[in-house]
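S.K.: Please find final-v6.txt (compact mmCIF, C-alpha atoms) on the next line:
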```txt
# COMPACT_ATOMS: atom_id res chain seq x y z
CA MET A 1 90.91 90.33 28.90
CA LYS A 2 93.27 90.66 25.95
CA HIS A 3 95.82 92.36 28.16
CA GLY A 4 95.59 89.52 30.67
CA ARG A 5 96.35 86.95 28.01
CA GLY A 6 99.06 89.08 26.43
CA ALA A 7 101.11 89.56 29.56
CA PRO A 8 101.99 85.85 30.07
CA HIS A 9 102.71 85.58 26.33
CA SER A 10 105.10 88.54 26.48
CA ALA A 11 106.76 87.09 29.59
CA MET A 12 107.31 83.81 27.73
CA ILE A 13 108.85 85.64 24.76
CA TYR A 14 111.24 87.54 27.03
CA SER A 15 112.07 84.30 28.85
CA HIS A 16 113.00 82.59 25.57
CA MET A 17 115.05 85.61 24.50
CA LEU A 18 116.91 85.62 27.81
CA SER A 19 117.55 81.88 27.49
CA PHE A 20 119.16 82.23 24.05
CA LEU A 21 121.10 85.29 25.19
CA LEU A 22 122.53 83.43 28.20
CA GLN A 23 123.41 80.39 26.07
CA GLY A 24 125.29 82.64 23.66
CA LEU A 25 127.12 84.39 26.49
CA VAL A 26 128.20 81.16 28.22
CA LEU A 27 129.27 79.41 25.03
CA GLY A 28 131.01 82.49 23.62
CA LEU A 29 132.93 83.26 26.79
CA SER A 30 133.99 79.65 27.21
CA ALA A 31 135.09 79.33 23.57
CA GLY A 32 136.97 82.61 23.81
CA PHE A 33 138.93 81.60 26.92
CA ALA A 34 139.43 77.93 26.04
CA PRO A 35 142.92 76.79 24.97
CA GLY A 36 143.14 75.79 21.32
CA PRO A 37 144.93 76.54 18.02
CA LEU A 38 143.44 80.01 17.60
CA LEU A 39 144.12 81.10 21.19
CA THR A 40 147.67 79.77 20.90
CA LEU A 41 148.17 81.95 17.83
CA VAL A 42 146.59 84.94 19.61
CA ILE A 43 149.13 84.56 22.43
CA SER A 44 152.06 83.92 20.07
CA GLU A 45 151.30 87.00 17.96
CA SER A 46 150.77 89.14 21.09
CA LEU A 47 154.12 88.09 22.54
CA ARG A 48 155.96 88.43 19.24
CA HIS A 49 154.40 91.55 17.72
CA GLY A 50 152.35 93.14 20.52
CA GLY A 51 148.72 93.20 21.56
CA ARG A 52 147.45 94.65 18.27
CA ALA A 53 148.68 91.61 16.34
CA GLY A 54 146.90 89.31 18.81
CA ILE A 55 143.72 91.36 18.46
CA ARG A 56 143.83 90.95 14.68
CA VAL A 57 144.05 87.17 15.11
CA SER A 58 141.05 87.35 17.45
CA LEU A 59 138.91 88.68 14.60
CA ALA A 60 139.43 85.56 12.47
CA PRO A 61 136.09 83.88 13.41
CA ILE A 62 134.19 86.78 11.80
CA VAL A 63 135.75 85.82 8.47
CA THR A 64 135.74 82.03 8.72
CA ASP A 65 132.51 81.21 10.54
CA ALA A 66 129.92 82.97 8.36
CA PRO A 67 129.96 80.32 5.56
CA ILE A 68 130.03 77.52 8.16
CA ILE A 69 126.91 78.93 9.83
CA ALA A 70 125.17 79.45 6.48
CA VAL A 71 125.81 75.88 5.30
CA THR A 72 124.78 74.44 8.68
CA LEU A 73 121.49 76.36 8.73
CA LEU A 74 120.81 75.37 5.11
CA LEU A 75 121.26 71.70 6.01
CA LEU A 76 119.04 72.04 9.06
CA SER A 77 116.34 73.77 7.01
CA ARG A 78 116.30 70.81 4.61
CA LEU A 79 116.25 68.29 7.47
CA SER A 80 114.06 70.18 9.96
CA HIS A 81 111.19 67.69 9.61
CA PHE A 82 113.46 64.78 10.59
CA GLU A 83 112.96 65.05 14.34
CA PRO A 84 115.07 61.92 15.10
CA LEU A 85 118.06 63.54 13.36
CA LEU A 86 117.61 66.79 15.27
CA GLY A 87 117.26 64.80 18.48
CA THR A 88 120.48 62.95 17.73
CA LEU A 89 122.27 66.26 17.04
CA SER A 90 120.99 67.60 20.37
CA LEU A 91 122.41 64.58 22.18
CA LEU A 92 125.74 64.84 20.35
CA GLY A 93 125.84 68.58 20.96
CA GLY A 94 125.20 68.06 24.67
CA LEU A 95 127.99 65.51 24.89
CA PHE A 96 130.36 67.82 23.01
CA VAL A 97 129.57 70.71 25.37
CA LEU A 98 130.04 68.36 28.34
CA TYR A 99 133.48 67.45 26.94
CA LEU A 100 134.33 71.16 26.58
CA GLY A 101 133.18 71.74 30.15
CA TRP A 102 135.42 68.97 31.45
CA GLU A 103 138.38 70.38 29.48
CA ASN A 104 137.80 73.76 31.11
CA ILE A 105 137.60 72.26 34.59
CA ALA A 106 140.82 70.28 34.05
CA THR A 107 142.79 73.16 32.52
CA LYS A 108 146.14 74.15 33.97
CA GLY A 109 146.52 77.33 31.94
CA VAL A 110 147.88 78.19 28.52
CA ALA A 111 151.47 77.70 27.39
CA MET A 112 153.21 81.03 26.88
CA THR A 113 155.81 79.99 24.31
CA PRO A 114 156.34 82.89 21.90
CA GLY A 115 157.52 80.90 18.88
CA ARG A 116 158.56 82.38 15.59
CA SER A 117 156.02 84.18 13.51
CA SER A 118 155.73 86.89 10.90
CA PRO A 119 153.25 89.72 10.24
CA ARG A 120 149.86 89.23 8.49
CA SER A 121 148.33 88.12 11.78
CA LEU A 122 144.72 88.18 10.59
CA HIS A 123 145.54 85.99 7.56
CA LYS A 124 147.21 83.44 9.81
CA GLY A 125 144.27 83.52 12.22
CA VAL A 126 141.82 82.91 9.38
CA LEU A 127 143.88 79.96 8.12
CA VAL A 128 144.24 78.40 11.59
CA ASN A 129 140.55 78.78 12.41
CA PHE A 130 139.45 77.52 8.98
CA LEU A 131 141.60 74.38 9.29
CA SER A 132 140.58 73.69 12.90
CA PRO A 133 137.78 71.12 13.34
CA HIS A 134 136.27 72.92 16.34
CA PRO A 135 134.12 75.49 14.45
CA TYR A 136 132.65 72.78 12.23
CA ILE A 137 131.87 70.43 15.12
CA PHE A 138 130.47 73.26 17.23
CA TRP A 139 128.13 74.67 14.60
CA LEU A 140 126.95 71.29 13.38
CA THR A 141 126.15 69.82 16.81
CA VAL A 142 125.63 72.84 19.10
CA GLY A 143 125.51 76.30 17.54
CA GLY A 144 123.48 75.34 14.47
CA PRO A 145 120.68 73.47 16.31
CA ILE A 146 120.43 76.25 18.94
CA THR A 147 120.26 78.91 16.22
CA TRP A 148 117.62 76.89 14.39
CA ARG A 149 115.50 76.59 17.53
CA ALA A 150 115.95 80.32 18.08
CA LEU A 151 114.79 81.04 14.51
CA GLU A 152 111.65 79.03 15.23
CA LYS A 153 110.89 81.58 17.97
CA GLY A 154 111.84 84.58 15.84
CA PRO A 155 114.77 86.28 14.06
CA LEU A 156 115.53 88.43 17.11
CA HIS A 157 116.02 85.31 19.24
CA ALA A 158 118.58 83.98 16.76
CA ALA A 159 120.30 87.37 16.53
CA LEU A 160 120.61 87.49 20.32
CA PHE A 161 122.23 84.05 20.44
CA VAL A 162 124.65 84.55 17.55
CA GLY A 163 125.43 88.16 18.48
CA SER A 164 126.13 87.42 22.15
CA PHE A 165 128.18 84.36 21.22
CA TYR A 166 130.52 86.28 18.91
CA ALA A 167 130.67 89.35 21.13
CA LEU A 168 132.02 87.21 23.98
CA LEU A 169 134.09 84.88 21.75
CA ILE A 170 135.97 87.73 20.11
CA GLY A 171 135.89 90.06 23.11
CA SER A 172 137.46 87.51 25.44
CA LYS A 173 140.21 86.69 22.94
CA VAL A 174 140.93 90.41 22.54
CA ALA A 175 141.16 90.71 26.33
CA LEU A 176 143.54 87.75 26.46
CA ALA A 177 145.69 89.26 23.69
CA VAL A 178 146.04 92.43 25.76
CA ALA A 179 146.71 90.40 28.93
CA ALA A 180 149.39 88.33 27.18
CA ASP A 181 151.04 91.51 25.90
CA ARG A 182 151.11 93.10 29.36
CA SER A 183 151.60 90.11 31.64
CA ARG A 184 153.18 86.86 30.53
CA SER A 185 152.06 85.07 33.70
CA PHE A 186 148.32 85.85 33.51
CA LEU A 187 147.35 82.85 31.38
CA THR A 188 149.01 80.44 33.79
CA GLY A 189 147.87 82.25 36.93
CA PRO A 190 145.09 81.44 39.41
CA VAL A 191 142.58 84.01 38.11
CA TYR A 192 142.51 82.58 34.58
CA ILE A 193 142.32 79.00 35.85
CA ALA A 194 139.49 79.88 38.28
CA VAL A 195 137.51 81.57 35.48
CA MET A 196 138.00 78.55 33.23
CA ARG A 197 136.75 76.17 35.91
CA LEU A 198 133.68 78.28 36.60
CA LEU A 199 132.95 78.36 32.88
CA GLY A 200 133.47 74.59 32.79
CA LEU A 201 130.77 74.11 35.43
CA ALA A 202 128.43 76.42 33.48
CA LEU A 203 129.07 74.39 30.32
CA CYS A 204 128.27 71.14 32.13
CA LEU A 205 124.93 72.58 33.24
CA LEU A 206 124.21 73.77 29.69
CA ALA A 207 125.15 70.32 28.36
CA MET A 208 122.49 68.74 30.55
CA LEU A 209 119.87 71.08 29.06
CA LEU A 210 120.97 70.22 25.53
CA VAL A 211 120.97 66.48 26.25
CA ARG A 212 117.48 66.78 27.75
CA ASP A 213 116.17 68.21 24.47
CA GLY A 214 117.33 65.12 22.55
CA PRO A 215 114.86 62.55 24.00
CA HIS A 216 111.98 65.00 23.41
CA ARG A 217 112.79 65.24 19.72
CA LEU A 218 113.37 61.50 19.51
CA GLY A 219 109.92 60.92 20.99
CA LEU A 220 111.28 59.12 24.06
CA MET A 221 109.71 61.62 26.49
```
Take the structure in the file and write it out as structure tokens.

M.R.:
Amino acid sequence: MKHGRGAPHSAMIYSHMLSFLLQGLVLGLSAGFAPGPLLTLVISESLRHGGRAGIRVSLAPIVTDAPIIAVTLLLLSRLSHFEPLLGTLSLLGGLFVLYLGWENIATKGVAMTPGRSSPRSLHKGVLVNFLSPHPYIFWLTVGGPITWRALEKGPLHAALFVGSFYALLIGSKVALAVAADRSRSFLTGPVYIAVMRLLGLALCLLAMLLVRDGPHRLGLM
């Protein structure tokens, strides 16, 4: 009898783990491919100094995001019993992801203007990412609440979300740095645009799931 009860419980655990893994993959891949200040610098450094310089810029989130995540989770731990606040963050996070999805769908590619730059690519990437509002908005409204919900299920759930997010975020930017170094037309070509639009649709679906969680926490459903 114990085995019969344990099997559905294990299936639910694996289902939750898969859910957080997929959310991390979709969000990480979309953030990695999406045009923005950091991707612009990745491309600029790749065109100016070669793919290795662009790869160094791609590593910037490892340096800048750790304190942002720590502060966000600390705030959420202090406010975790305020369900209306968490519900509001879920709604805002869903709307932000929906906005990102629409941006992906409407993209026309990335400008390939080399620009002038100097070495110390990683330092510049850290500065650009630290001064950009996107990491703060993302972790406060989307990444932080998802990580907190994952921690409620278990540390492994949270590790799967955060690990898959950064693996795809950094990995996709590294791939784009190499692509920009080898082919200046890739980031304005049909393959890149098609991938971005598919990711945009995936983000819109994820946004609906995040928005749906808001009314539950607000006690409206």

S.K.: Which polymer residues have any atom within 12 Å of an atom of Glu103 in chain A, counting all atoms listed in the file, with same-chain residues fewer than 2 positions away left out, as a list in words?

M.R.: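 Result of the neighbour search: Ser30, Ala31, Phe33, Ala34, Pro35, Gly36, Phe96, Val97, Leu98, Tyr99, Leu100, Gly101, Ile105, Ala106, Thr107, Lys108, Gly109, Ile193, Met196, Arg197, Leu198, Leu199, Gly200, Leu201, Leu203 and Cys204 of chain A.
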
S.K.: Just checking: using all atoms listed in the file, which residue out of A:Pro135, A:Trp148, A:Leu176, A:Gly171 ends up closest to Ile68 in chain A?

M.R.: A:Pro135

S.K.: I'd like the neighbourhood of Gly144 in chain A as a PyMOL selection string, where a residue qualifies if any of its atoms comes within 12 Å (using all atoms listed in the file), though same-chain residues fewer than 2 positions away should be ignored.

M.R.: chain A and resi 24+65-66+68-77+80+86+89-90+93+135-142+146-151+158+161-162

S.K.: Using all atoms listed in the file, which of the listed residues (A:Leu47, A:Ala159, A:Leu206, A:Leu85) sits closest to Arg182 in chain A?

M.R.: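 Among the listed residues, A:Leu47 lies closest to Arg182 in chain A.
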
S.K.: Record the distance separating CA of Leu39 in chain A and CA of Leu92 in chain A, expressed in Å with one decimal.

M.R.: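 These two atoms are separated by 24.6 Å.
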
S.K.: Between CA of His16 in chain A and CA of Ser164 in chain A, measure the distance and give it in Å to one decimal.

M.R.: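 Between these atoms lies a distance of 14.4 Å.
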
S.K.: Which residue gives the smallest distance to Ile170 in chain A among A:Ala60, A:Ile13, A:Leu21, A:Leu27, with all atoms listed in the file counted?

M.R.: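 Smallest distance to Ile170 in chain A is found for A:Ala60.
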
S.K.: With distances taken over all atoms listed in the file, which of A:Ala202, A:Leu122, A:Ile43, A:Leu29 is nearest to Val57 in chain A?

M.R.: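 Once distances to Val57 in chain A are computed over all atoms listed in the file, the minimum belongs to A:Leu122.
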
S.K.: Separation of CA of Leu41 in chain A and CA of Ser132 in chain A, in Å?

M.R.: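 Those two atoms sit 12.3 Å apart.
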